[in-house]
>>> print(open('coords18.pdb').read())   # PDB, C-alpha atoms
MODEL        1
ATOM      1  CA  MET A   1     -71.718 123.980 -77.890
ATOM      2  CA  PHE A   2     -74.969 124.912 -76.254
ATOM      3  CA  ASP A   3     -78.125 123.280 -77.505
ATOM      4  CA  PRO A   4     -81.375 124.339 -75.819
ATOM      5  CA  LEU A   5     -83.074 121.158 -76.982
ATOM      6  CA  GLU A   6     -81.037 119.297 -74.353
ATOM      7  CA  TYR A   7     -83.394 120.899 -71.841
ATOM      8  CA  LEU A   8     -86.518 119.636 -73.594
ATOM      9  CA  PRO A   9     -86.965 116.615 -71.248
ATOM     10  CA  ILE A  10     -86.886 118.989 -68.264
ATOM     11  CA  LEU A  11     -89.569 121.146 -69.859
ATOM     12  CA  ILE A  12     -91.704 118.063 -70.510
ATOM     13  CA  PHE A  13     -91.177 116.948 -66.909
ATOM     14  CA  MET A  14     -92.280 120.383 -65.726
ATOM     15  CA  PHE A  15     -95.518 120.115 -67.682
ATOM     16  CA  ILE A  16     -96.155 116.586 -66.367
ATOM     17  CA  ALA A  17     -95.499 117.767 -62.779
ATOM     18  CA  LEU A  18     -97.809 120.738 -63.277
ATOM     19  CA  GLY A  19    -100.538 118.504 -64.645
ATOM     20  CA  ILE A  20    -100.267 115.972 -61.840
ATOM     21  CA  SER A  21    -100.229 118.635 -59.103
ATOM     22  CA  VAL A  22    -103.255 120.377 -60.620
ATOM     23  CA  LEU A  23    -104.959 116.984 -60.738
ATOM     24  CA  PHE A  24    -104.159 116.299 -57.075
ATOM     25  CA  VAL A  25    -105.564 119.650 -56.015
ATOM     26  CA  PHE A  26    -108.706 119.848 -58.072
ATOM     27  CA  LEU A  27    -109.739 116.194 -58.535
ATOM     28  CA  PRO A  28    -110.692 115.617 -54.841
ATOM     29  CA  MET A  29    -112.463 118.968 -54.762
ATOM     30  CA  GLY A  30    -114.470 118.146 -57.860
ATOM     31  CA  VAL A  31    -115.270 114.598 -56.763
ATOM     32  CA  SER A  32    -116.436 115.699 -53.316
ATOM     33  CA  ARG A  33    -118.465 118.500 -54.840
ATOM     34  CA  LEU A  34    -120.168 116.101 -57.222
ATOM     35  CA  THR A  35    -120.730 113.154 -54.890
ATOM     36  CA  GLY A  36    -121.150 114.732 -51.447
ATOM     37  CA  VAL A  37    -123.904 116.865 -50.002
ATOM     38  CA  HIS A  38    -122.856 120.495 -49.896
ATOM     39  CA  GLU A  39    -125.062 122.484 -47.514
ATOM     40  CA  PRO A  40    -122.920 124.859 -45.439
ATOM     41  CA  THR A  41    -124.476 126.580 -42.443
ATOM     42  CA  THR A  42    -123.044 129.040 -39.948
ATOM     43  CA  GLU A  43    -122.951 126.303 -37.344
ATOM     44  CA  LYS A  44    -121.005 123.932 -39.630
ATOM     45  CA  ASN A  45    -118.469 126.555 -40.606
ATOM     46  CA  SER A  46    -117.736 127.631 -37.020
ATOM     47  CA  GLU A  47    -114.801 126.215 -35.010
ATOM     48  CA  TYR A  48    -115.414 122.629 -34.053
ATOM     49  CA  GLU A  49    -116.054 121.939 -30.346
ATOM     50  CA  CYS A  50    -112.730 122.381 -28.563
ATOM     51  CA  GLY A  51    -111.273 124.552 -31.305
ATOM     52  CA  PHE A  52    -110.974 128.184 -30.274
ATOM     53  CA  PRO A  53    -110.126 131.469 -31.943
ATOM     54  CA  ALA A  54    -106.385 132.147 -32.076
ATOM     55  CA  PHE A  55    -104.935 134.197 -29.224
ATOM     56  CA  GLU A  56    -102.458 136.154 -31.305
ATOM     57  CA  ASP A  57    -100.847 136.487 -34.713
ATOM     58  CA  PRO A  58     -98.868 133.331 -35.553
ATOM     59  CA  ARG A  59     -96.152 135.442 -37.208
ATOM     60  CA  SER A  60     -94.497 136.691 -34.064
ATOM     61  CA  PRO A  61     -91.028 138.256 -34.390
ATOM     62  CA  PHE A  62     -88.383 135.717 -33.502
ATOM     63  CA  ASP A  63     -84.763 135.524 -32.471
ATOM     64  CA  VAL A  64     -82.366 137.678 -34.466
ATOM     65  CA  ARG A  65     -79.825 134.841 -34.499
ATOM     66  CA  PHE A  66     -81.809 133.127 -37.265
ATOM     67  CA  TYR A  67     -80.887 136.140 -39.375
ATOM     68  CA  LEU A  68     -77.200 135.635 -38.623
ATOM     69  CA  VAL A  69     -77.438 131.995 -39.687
ATOM     70  CA  ALA A  70     -79.223 133.019 -42.898
ATOM     71  CA  ILE A  71     -76.579 135.634 -43.737
ATOM     72  CA  SER A  72     -73.823 133.080 -43.186
ATOM     73  CA  PHE A  73     -75.684 130.678 -45.460
ATOM     74  CA  ILE A  74     -75.901 133.296 -48.234
ATOM     75  CA  LEU A  75     -72.195 134.158 -47.956
ATOM     76  CA  PHE A  76     -70.945 130.589 -48.147
ATOM     77  CA  ASP A  77     -73.513 129.872 -50.857
ATOM     78  CA  LEU A  78     -71.906 132.645 -52.927
ATOM     79  CA  GLU A  79     -68.463 131.288 -52.144
ATOM     80  CA  ALA A  80     -69.540 127.896 -53.509
ATOM     81  CA  ALA A  81     -71.011 129.573 -56.584
ATOM     82  CA  PHE A  82     -67.640 131.213 -57.282
ATOM     83  CA  LEU A  83     -65.938 127.823 -57.046
ATOM     84  CA  PHE A  84     -67.749 126.292 -60.044
ATOM     85  CA  PRO A  85     -66.379 128.533 -62.858
ATOM     86  CA  TRP A  86     -62.973 128.486 -61.150
ATOM     87  CA  ALA A  87     -62.865 124.693 -61.174
ATOM     88  CA  VAL A  88     -63.730 124.295 -64.874
ATOM     89  CA  SER A  89     -61.470 127.118 -66.102
ATOM     90  CA  LEU A  90     -58.294 126.155 -64.246
ATOM     91  CA  GLU A  91     -56.599 124.941 -67.442
ATOM     92  CA  TYR A  92     -56.874 128.478 -68.864
ATOM     93  CA  THR A  93     -56.115 130.515 -65.754
ATOM     94  CA  GLY A  94     -53.322 128.351 -64.378
ATOM     95  CA  TRP A  95     -51.523 129.114 -61.140
ATOM     96  CA  ALA A  96     -52.632 132.769 -61.128
ATOM     97  CA  GLY A  97     -56.286 131.725 -61.035
ATOM     98  CA  TRP A  98     -55.544 129.089 -58.418
ATOM     99  CA  THR A  99     -53.784 131.651 -56.183
ATOM    100  CA  ALA A 100     -56.634 134.137 -56.661
ATOM    101  CA  MET A 101     -59.156 131.629 -55.393
ATOM    102  CA  MET A 102     -56.914 130.702 -52.455
ATOM    103  CA  VAL A 103     -56.705 134.385 -51.476
ATOM    104  CA  PHE A 104     -60.502 134.637 -51.774
ATOM    105  CA  LEU A 105     -60.991 131.547 -49.618
ATOM    106  CA  GLY A 106     -58.469 132.960 -47.126
ATOM    107  CA  ILE A 107     -60.443 136.211 -46.835
ATOM    108  CA  LEU A 108     -63.637 134.290 -46.159
ATOM    109  CA  ALA A 109     -61.793 131.993 -43.743
ATOM    110  CA  ILE A 110     -60.905 135.092 -41.719
ATOM    111  CA  GLY A 111     -64.616 135.873 -41.537
ATOM    112  CA  LEU A 112     -65.415 132.320 -40.485
ATOM    113  CA  ALA A 113     -62.717 132.414 -37.797
ATOM    114  CA  TYR A 114     -64.120 135.706 -36.488
ATOM    115  CA  GLU A 115     -67.632 134.277 -36.450
ATOM    116  CA  TRP A 116     -66.435 131.187 -34.615
ATOM    117  CA  LYS A 117     -64.410 133.176 -32.119
ATOM    118  CA  MET A 118     -67.309 135.507 -31.375
ATOM    119  CA  GLY A 119     -69.495 132.528 -30.558
ATOM    120  CA  ALA A 120     -71.929 133.319 -33.363
ATOM    121  CA  LEU A 121     -72.063 129.626 -34.273
ATOM    122  CA  ASN A 122     -73.038 128.661 -30.726
ATOM    123  CA  TRP A 123     -76.693 128.110 -30.034
ATOM    124  CA  GLU A 124     -77.566 128.172 -26.361
TER
ATOM    125  CA  MET B   1     -90.711 126.414 -82.281
ATOM    126  CA  ILE B   2     -90.480 124.822 -78.840
ATOM    127  CA  GLN B   3     -87.989 127.492 -77.822
ATOM    128  CA  THR B   4     -90.352 130.264 -78.883
ATOM    129  CA  LEU B   5     -93.196 128.650 -76.973
ATOM    130  CA  ALA B   6     -90.992 128.171 -73.909
ATOM    131  CA  PHE B   7     -89.816 131.773 -74.133
ATOM    132  CA  TYR B   8     -93.353 133.113 -74.170
ATOM    133  CA  LEU B   9     -94.347 130.776 -71.335
ATOM    134  CA  PHE B  10     -91.449 131.880 -69.120
ATOM    135  CA  ALA B  11     -91.712 135.567 -70.047
ATOM    136  CA  LEU B  12     -95.438 135.607 -69.363
ATOM    137  CA  LEU B  13     -94.942 133.872 -66.015
ATOM    138  CA  VAL B  14     -92.150 136.304 -65.031
ATOM    139  CA  ILE B  15     -94.346 139.308 -65.749
ATOM    140  CA  ALA B  16     -97.387 137.764 -64.067
ATOM    141  CA  SER B  17     -95.353 136.838 -60.962
ATOM    142  CA  GLY B  18     -93.903 140.358 -60.865
ATOM    143  CA  VAL B  19     -97.376 141.870 -60.977
ATOM    144  CA  PHE B  20     -98.578 139.544 -58.229
ATOM    145  CA  THR B  21     -95.462 140.369 -56.191
ATOM    146  CA  ILE B  22     -96.364 144.034 -56.004
ATOM    147  CA  THR B  23    -100.124 143.613 -55.718
ATOM    148  CA  ALA B  24    -100.208 140.873 -53.075
ATOM    149  CA  ARG B  25    -101.638 142.140 -49.789
ATOM    150  CA  ASN B  26     -99.581 139.801 -47.636
ATOM    151  CA  PRO B  27     -95.798 140.439 -47.760
ATOM    152  CA  VAL B  28     -95.088 136.720 -47.336
ATOM    153  CA  HIS B  29     -97.222 135.998 -50.390
ATOM    154  CA  SER B  30     -95.309 138.567 -52.412
ATOM    155  CA  VAL B  31     -92.037 136.886 -51.402
ATOM    156  CA  LEU B  32     -93.435 133.577 -52.687
ATOM    157  CA  TRP B  33     -94.386 135.233 -55.982
ATOM    158  CA  LEU B  34     -90.870 136.661 -56.149
ATOM    159  CA  ILE B  35     -89.455 133.115 -55.913
ATOM    160  CA  MET B  36     -91.740 132.137 -58.803
ATOM    161  CA  ALA B  37     -90.427 135.094 -60.830
ATOM    162  CA  PHE B  38     -86.799 134.082 -60.145
ATOM    163  CA  PHE B  39     -87.412 130.500 -61.256
ATOM    164  CA  ASN B  40     -88.954 131.680 -64.513
ATOM    165  CA  ALA B  41     -86.123 134.166 -65.068
ATOM    166  CA  ALA B  42     -83.766 131.190 -64.674
ATOM    167  CA  GLY B  43     -85.748 129.470 -67.412
ATOM    168  CA  LEU B  44     -85.248 132.498 -69.672
ATOM    169  CA  MET B  45     -81.509 132.422 -68.943
ATOM    170  CA  VAL B  46     -81.375 128.772 -69.997
ATOM    171  CA  LEU B  47     -83.117 129.726 -73.242
ATOM    172  CA  VAL B  48     -80.484 132.344 -74.142
ATOM    173  CA  GLY B  49     -77.741 129.824 -73.380
ATOM    174  CA  ALA B  50     -76.468 131.283 -70.090
ATOM    175  CA  GLU B  51     -76.777 128.046 -68.160
ATOM    176  CA  PHE B  52     -74.466 129.017 -65.332
ATOM    177  CA  ILE B  53     -76.325 132.286 -64.749
ATOM    178  CA  ALA B  54     -79.569 130.313 -64.653
ATOM    179  CA  MET B  55     -78.257 127.971 -61.959
ATOM    180  CA  LEU B  56     -76.840 130.955 -60.094
ATOM    181  CA  LEU B  57     -80.268 132.608 -60.116
ATOM    182  CA  VAL B  58     -81.778 129.525 -58.556
ATOM    183  CA  ILE B  59     -78.993 128.973 -56.019
ATOM    184  CA  VAL B  60     -78.286 132.519 -54.887
ATOM    185  CA  TYR B  61     -81.476 134.484 -55.514
ATOM    186  CA  VAL B  62     -83.874 131.904 -54.177
ATOM    187  CA  GLY B  63     -81.546 131.488 -51.191
ATOM    188  CA  ALA B  64     -81.529 135.248 -50.707
ATOM    189  CA  VAL B  65     -85.307 135.205 -50.769
ATOM    190  CA  ALA B  66     -85.169 132.974 -47.711
ATOM    191  CA  VAL B  67     -83.438 135.888 -45.986
ATOM    192  CA  LEU B  68     -86.137 138.208 -47.326
ATOM    193  CA  PHE B  69     -88.618 135.957 -45.566
ATOM    194  CA  LEU B  70     -86.731 136.563 -42.341
ATOM    195  CA  PHE B  71     -86.817 140.299 -42.930
ATOM    196  CA  VAL B  72     -90.555 140.165 -43.560
ATOM    197  CA  VAL B  73     -91.302 138.174 -40.457
ATOM    198  CA  MET B  74     -88.742 139.751 -38.145
ATOM    199  CA  MET B  75     -88.386 143.380 -39.074
ATOM    200  CA  LEU B  76     -91.812 144.378 -40.339
ATOM    201  CA  ASN B  77     -93.886 143.223 -37.371
ATOM    202  CA  ILE B  78     -96.753 142.920 -39.782
ATOM    203  CA  ASP B  79     -99.684 145.205 -39.113
ATOM    204  CA  PHE B  80    -101.677 145.516 -42.301
ATOM    205  CA  ALA B  81    -103.751 148.536 -41.311
ATOM    206  CA  GLU B  82    -100.598 150.448 -40.361
ATOM    207  CA  MET B  83     -98.905 149.484 -43.626
ATOM    208  CA  ARG B  84    -101.763 150.861 -45.681
ATOM    209  CA  ALA B  85    -101.636 154.076 -43.708
ATOM    210  CA  GLY B  86     -97.973 154.424 -44.705
ATOM    211  CA  PHE B  87     -98.948 153.920 -48.340
ATOM    212  CA  ILE B  88    -100.587 157.331 -48.579
ATOM    213  CA  LYS B  89     -97.726 159.010 -46.735
ATOM    214  CA  ASN B  90     -95.027 157.483 -48.948
ATOM    215  CA  PHE B  91     -96.999 157.846 -52.168
ATOM    216  CA  PRO B  92     -95.063 160.910 -53.515
ATOM    217  CA  LEU B  93     -91.735 159.169 -52.847
ATOM    218  CA  GLY B  94     -92.969 156.037 -54.623
ATOM    219  CA  ILE B  95     -94.102 158.086 -57.609
ATOM    220  CA  ALA B  96     -90.698 159.830 -57.724
ATOM    221  CA  ILE B  97     -88.828 156.499 -57.747
ATOM    222  CA  ALA B  98     -91.184 155.126 -60.389
ATOM    223  CA  LEU B  99     -90.528 158.202 -62.558
ATOM    224  CA  VAL B 100     -86.761 157.773 -62.195
ATOM    225  CA  LEU B 101     -87.032 154.117 -63.233
ATOM    226  CA  LEU B 102     -89.264 155.062 -66.169
ATOM    227  CA  ALA B 103     -86.758 157.712 -67.275
ATOM    228  CA  GLU B 104     -83.972 155.108 -67.120
ATOM    229  CA  LEU B 105     -86.028 152.715 -69.222
ATOM    230  CA  VAL B 106     -86.815 155.398 -71.811
ATOM    231  CA  LEU B 107     -83.180 156.556 -71.951
ATOM    232  CA  GLY B 108     -81.894 152.995 -72.238
ATOM    233  CA  ILE B 109     -84.288 151.975 -74.993
ATOM    234  CA  GLY B 110     -83.703 155.311 -76.745
ATOM    235  CA  ALA B 111     -79.941 154.801 -76.676
ATOM    236  CA  TYR B 112     -80.375 151.272 -77.990
ATOM    237  CA  LYS B 113     -82.692 152.448 -80.789
ATOM    238  CA  ALA B 114     -80.196 155.171 -81.753
ATOM    239  CA  GLY B 115     -77.822 152.352 -82.655
ATOM    240  CA  ALA B 116     -74.092 151.863 -82.084
ATOM    241  CA  LEU B 117     -74.818 149.961 -78.880
ATOM    242  CA  GLU B 118     -73.924 146.293 -78.921
ATOM    243  CA  LEU B 119     -75.831 144.280 -76.355
ATOM    244  CA  GLY B 120     -74.413 141.182 -74.777
ATOM    245  CA  VAL B 121     -70.701 141.856 -75.268
ATOM    246  CA  ALA B 122     -68.580 143.092 -72.399
ATOM    247  CA  ASP B 123     -66.579 146.023 -73.777
ATOM    248  CA  GLY B 124     -68.207 146.484 -77.168
ATOM    249  CA  SER B 125     -65.787 144.178 -78.963
ATOM    250  CA  ALA B 126     -67.019 140.790 -80.058
ATOM    251  CA  ALA B 127     -65.265 138.541 -77.584
ATOM    252  CA  PRO B 128     -64.671 135.008 -78.820
ATOM    253  CA  MET B 129     -65.750 132.253 -76.504
ATOM    254  CA  ILE B 130     -62.837 130.698 -74.656
ATOM    255  CA  GLY B 131     -63.136 126.988 -74.089
ATOM    256  CA  GLU B 132     -66.168 124.921 -74.898
ATOM    257  CA  SER B 133     -68.877 126.420 -72.663
ATOM    258  CA  ASN B 134     -69.827 129.818 -71.287
ATOM    259  CA  ILE B 135     -69.044 128.826 -67.703
ATOM    260  CA  THR B 136     -65.443 128.183 -68.825
ATOM    261  CA  SER B 137     -65.285 131.579 -70.557
ATOM    262  CA  LEU B 138     -66.726 133.254 -67.498
ATOM    263  CA  GLY B 139     -64.223 131.597 -65.186
ATOM    264  CA  THR B 140     -61.322 132.380 -67.507
ATOM    265  CA  LEU B 141     -62.180 136.082 -67.564
ATOM    266  CA  LEU B 142     -63.117 136.305 -63.883
ATOM    267  CA  TYR B 143     -59.941 134.676 -62.572
ATOM    268  CA  SER B 144     -57.467 136.397 -64.896
ATOM    269  CA  LYS B 145     -58.641 139.760 -66.235
ATOM    270  CA  TYR B 146     -61.087 140.712 -63.469
ATOM    271  CA  ILE B 147     -59.075 139.199 -60.638
ATOM    272  CA  PHE B 148     -59.065 142.350 -58.499
ATOM    273  CA  LEU B 149     -62.820 142.757 -58.796
ATOM    274  CA  PHE B 150     -63.109 139.143 -57.690
ATOM    275  CA  GLU B 151     -60.956 139.740 -54.615
ATOM    276  CA  ALA B 152     -62.940 142.927 -53.907
ATOM    277  CA  ALA B 153     -66.069 140.771 -53.926
ATOM    278  CA  GLY B 154     -64.388 138.604 -51.301
ATOM    279  CA  ILE B 155     -63.684 141.662 -49.148
ATOM    280  CA  ILE B 156     -67.302 142.798 -49.500
ATOM    281  CA  LEU B 157     -68.509 139.357 -48.405
ATOM    282  CA  LEU B 158     -66.195 139.550 -45.395
ATOM    283  CA  VAL B 159     -67.576 142.995 -44.484
ATOM    284  CA  ALA B 160     -71.131 141.668 -44.769
ATOM    285  CA  MET B 161     -70.336 138.742 -42.501
ATOM    286  CA  ILE B 162     -68.624 140.853 -39.842
ATOM    287  CA  GLY B 163     -71.359 143.483 -40.071
ATOM    288  CA  ALA B 164     -74.058 140.906 -39.479
ATOM    289  CA  ILE B 165     -72.160 139.538 -36.478
ATOM    290  CA  VAL B 166     -71.576 142.998 -34.977
ATOM    291  CA  LEU B 167     -75.207 144.021 -35.477
ATOM    292  CA  THR B 168     -76.907 140.903 -34.219
ATOM    293  CA  LEU B 169     -74.589 139.527 -31.572
ATOM    294  CA  GLU B 170     -74.850 141.546 -28.396
ATOM    295  CA  LYS B 171     -72.478 139.467 -26.286
ATOM    296  CA  SER B 172     -68.695 139.491 -26.650
ATOM    297  CA  ALA B 173     -66.407 136.473 -26.906
ATOM    298  CA  ALA B 174     -65.306 136.847 -23.275
ATOM    299  CA  ASP B 175     -68.685 136.325 -21.648
ATOM    300  CA  VAL B 176     -70.030 133.500 -23.745
ATOM    301  CA  ARG B 177     -71.806 131.466 -21.134
ATOM    302  CA  GLY B 178     -71.190 127.740 -20.789
ATOM    303  CA  GLN B 179     -68.040 127.721 -22.849
ATOM    304  CA  GLN B 180     -65.610 125.124 -21.593
ATOM    305  CA  ASP B 181     -61.818 125.569 -21.847
ATOM    306  CA  ILE B 182     -60.709 121.949 -21.854
ATOM    307  CA  GLY B 183     -57.008 122.833 -22.144
ATOM    308  CA  LYS B 184     -57.203 124.944 -19.020
ATOM    309  CA  GLN B 185     -58.945 122.128 -17.154
ATOM    310  CA  ASN B 186     -56.309 119.602 -18.175
ATOM    311  CA  ARG B 187     -53.407 121.897 -17.280
ATOM    312  CA  ARG B 188     -54.682 122.306 -13.739
ATOM    313  CA  ARG B 189     -52.594 120.238 -11.274
ATOM    314  CA  PRO B 190     -53.599 119.133  -7.765
ATOM    315  CA  GLU B 191     -50.815 121.335  -6.308
ATOM    316  CA  ASP B 192     -52.429 124.470  -7.777
ATOM    317  CA  ALA B 193     -55.904 123.574  -6.624
ATOM    318  CA  THR B 194     -55.340 122.333  -3.069
ATOM    319  CA  GLU B 195     -53.091 123.280  -0.214
ATOM    320  CA  MET B 196     -52.052 120.952   2.594
ATOM    321  CA  GLN B 197     -52.238 122.399   6.104
ATOM    322  CA  ASN B 198     -51.126 120.896   9.372
ATOM    323  CA  PRO B 199     -52.624 123.117  12.078
ATOM    324  CA  GLU B 200     -51.585 122.794  15.726
ATOM    325  CA  VAL B 201     -54.090 121.554  18.284
ATOM    326  CA  GLY B 202     -56.408 124.317  19.402
ATOM    327  CA  LYS B 203     -55.578 126.631  16.533
ATOM    328  CA  GLY B 204     -57.546 127.156  13.359
ATOM    329  CA  VAL B 205     -56.389 127.320   9.795
ATOM    330  CA  GLU B 206     -55.311 130.660   8.463
ATOM    331  CA  LEU B 207     -56.873 131.260   5.090
TER
ENDMDL
END
>>> encode(input="coords18.pdb", output="structure tokens")
Amino acid sequence: MFDPLEYLPILIFMFIALGISVLFVFLPMGVSRLTGVHEPTTEKNSEYECGFPAFEDPRSPFDVRFYLVAISFILFDLEAAFLFPWAVSLEYTGWAGWTAMMVFLGILAIGLAYEWKMGALNWE
Amino acid sequence: MIQTLAFYLFALLVIASGVFTITARNPVHSVLWLIMAFFNAAGLMVLVGAEFIAMLLVIVYVGAVAVLFLFVVMMLNIDFAEMRAGFIKNFPLGIAIALVLLAELVLGIGAYKAGALELGVADGSAAPMIGESNITSLGTLLYSKYIFLFEAAGIILLVAMIGAIVLTLEKSAADVRGQQDIGKQNRRRPEDATEMQNPEVGKGVEL
């Protein structure tokens, strides 16, 4: 049966990871603040020599085909997620459950064949 | 003890991430906060014993958030000044939706307080757990009793896939450039491609 205490090591690991990452972020900041000379001026904070102000927004709209790839990823991700409970419950569902999953996979295979045929998987 | 502490940690982080999601100025930042909220919700699911749902939250929701990223970057064409201008215009609509959600919350909690509403059981009856874990019970129900809903989910996934292809792909299969038909190349014989001519002296070749 389910025992939440099995997850205790993961929780402890999470706290250790949090502590170490906080340390990595703030320790150098604190050390440099304490040991270095901190006198910012306008000239120091400006772009350095050959650096120049950005021409445009870095988040420019990009190719819509990335969206198609992402949607395909989500769909097959879901398909994989459906496979897990199917695999562990086969002894209870028997051939009916097996056939149901094969029909499901067949439906998605039709989609994959369509995608392939339309050239949506090609990247020119 | 540890479970109570973990519950309050995760619940607090879910609520805090939710608040940051809606107050963040930058849409990309709010998507990142949303990922944080999903991870903590997965932690809550582990605490109530729904391990499979927890893993599903991480696998599917966080993956779906990647697509949200795409929406944010691609569709919105981020212009912050313009977005804040739309805030005033859409304010009444936002208030209306918030009121509807509030009414649902009040009705739901009211119905629960009135009693005779079992939470956590599918059709009101106390279903015994089949097999040794909840993923086994879930699979057993999903692939026997709810088999048609499962196949309907497959159809919906197919529709989503085809819809995405139809919407985003402007070219048809016929004019995919640079596509090589190797079978056609191999079937081609020299007799089909060339023609031998023996023209007389002083006359040209008729094409």
>>> resolve_selection(input="coords18.pdb", expression="the PyMOL selection byres ((chain B) within 6 of (chain A))", output="number ranges by chain")
B: 67, 74, 135-136, 139-140, 143, 151, 154, 158, 173
>>> atom_distance(input="coords18.pdb", atom1="atom CA of Leu121 of chain A", atom2="atom CA of Ala152 of chain B")
25.4 Å
>>> resolve_selection(input="coords18.pdb", expression="the PyMOL selection byres ((chain B and resi 33-48) around 6)", output="count of residues only")
13
>>> atom_distance(input="coords18.pdb", atom1="atom CA of Tyr8 of chain B", atom2="atom CA of Glu104 of chain B")
24.9 Å
>>> atom_distance(input="coords18.pdb", atom1="atom CA of Asn134 of chain B", atom2="atom CA of Ile15 of chain B")
26.9 Å
>>> decode(input="coords18.pdb", residues="segment 147-160 of chain B", atoms="N, CA and C atoms", output="mmCIF file, in the first residue's frame")
data_model
loop_
_atom_site.group_PDB
_atom_site.id
_atom_site.type_symbol
_atom_site.label_atom_id
_atom_site.label_comp_id
_atom_site.auth_asym_id
_atom_site.auth_seq_id
_atom_site.Cartn_x
_atom_site.Cartn_y
_atom_site.Cartn_z
ATOM 1 N N ILE B 147 -14.099 2.328 -21.322
ATOM 2 C CA ILE B 147 -13.322 2.046 -22.526
ATOM 3 C C ILE B 147 -13.716 2.985 -23.670
ATOM 4 N N PHE B 148 -15.007 3.337 -23.736
ATOM 5 C CA PHE B 148 -15.450 4.191 -24.846
ATOM 6 C C PHE B 148 -14.970 5.615 -24.662
ATOM 7 N N LEU B 149 -14.948 6.067 -23.386
ATOM 8 C CA LEU B 149 -14.386 7.393 -23.124
ATOM 9 C C LEU B 149 -12.910 7.420 -23.504
ATOM 10 N N PHE B 150 -12.233 6.319 -23.250
ATOM 11 C CA PHE B 150 -10.808 6.231 -23.589
ATOM 12 C C PHE B 150 -10.609 6.333 -25.091
ATOM 13 N N GLU B 151 -11.439 5.585 -25.853
ATOM 14 C CA GLU B 151 -11.302 5.665 -27.315
ATOM 15 C C GLU B 151 -11.699 7.044 -27.816
ATOM 16 N N ALA B 152 -12.698 7.676 -27.154
ATOM 17 C CA ALA B 152 -13.075 9.042 -27.541
ATOM 18 C C ALA B 152 -11.906 9.989 -27.332
ATOM 19 N N ALA B 153 -11.147 9.767 -26.250
ATOM 20 C CA ALA B 153 -9.952 10.583 -26.021
ATOM 21 C C ALA B 153 -8.971 10.418 -27.178
ATOM 22 N N GLY B 154 -8.852 9.173 -27.664
ATOM 23 C CA GLY B 154 -7.983 8.946 -28.823
ATOM 24 C C GLY B 154 -8.437 9.721 -30.038
ATOM 25 N N ILE B 155 -9.763 9.732 -30.280
ATOM 26 C CA ILE B 155 -10.304 10.478 -31.422
ATOM 27 C C ILE B 155 -10.017 11.969 -31.265
ATOM 28 N N ILE B 156 -10.179 12.469 -30.025
ATOM 29 C CA ILE B 156 -9.944 13.900 -29.791
ATOM 30 C C ILE B 156 -8.476 14.243 -30.057
ATOM 31 N N LEU B 157 -7.572 13.344 -29.636
ATOM 32 C CA LEU B 157 -6.152 13.575 -29.900
ATOM 33 C C LEU B 157 -5.885 13.605 -31.399
ATOM 34 N N LEU B 158 -6.551 12.694 -32.128
ATOM 35 C CA LEU B 158 -6.379 12.663 -33.584
ATOM 36 C C LEU B 158 -6.850 13.970 -34.204
ATOM 37 N N VAL B 159 -8.030 14.463 -33.735
ATOM 38 C CA VAL B 159 -8.559 15.726 -34.265
ATOM 39 C C VAL B 159 -7.596 16.865 -33.986
ATOM 40 N N ALA B 160 -7.011 16.867 -32.775
ATOM 41 C CA ALA B 160 -6.063 17.936 -32.431
ATOM 42 C C ALA B 160 -4.851 17.901 -33.354
#
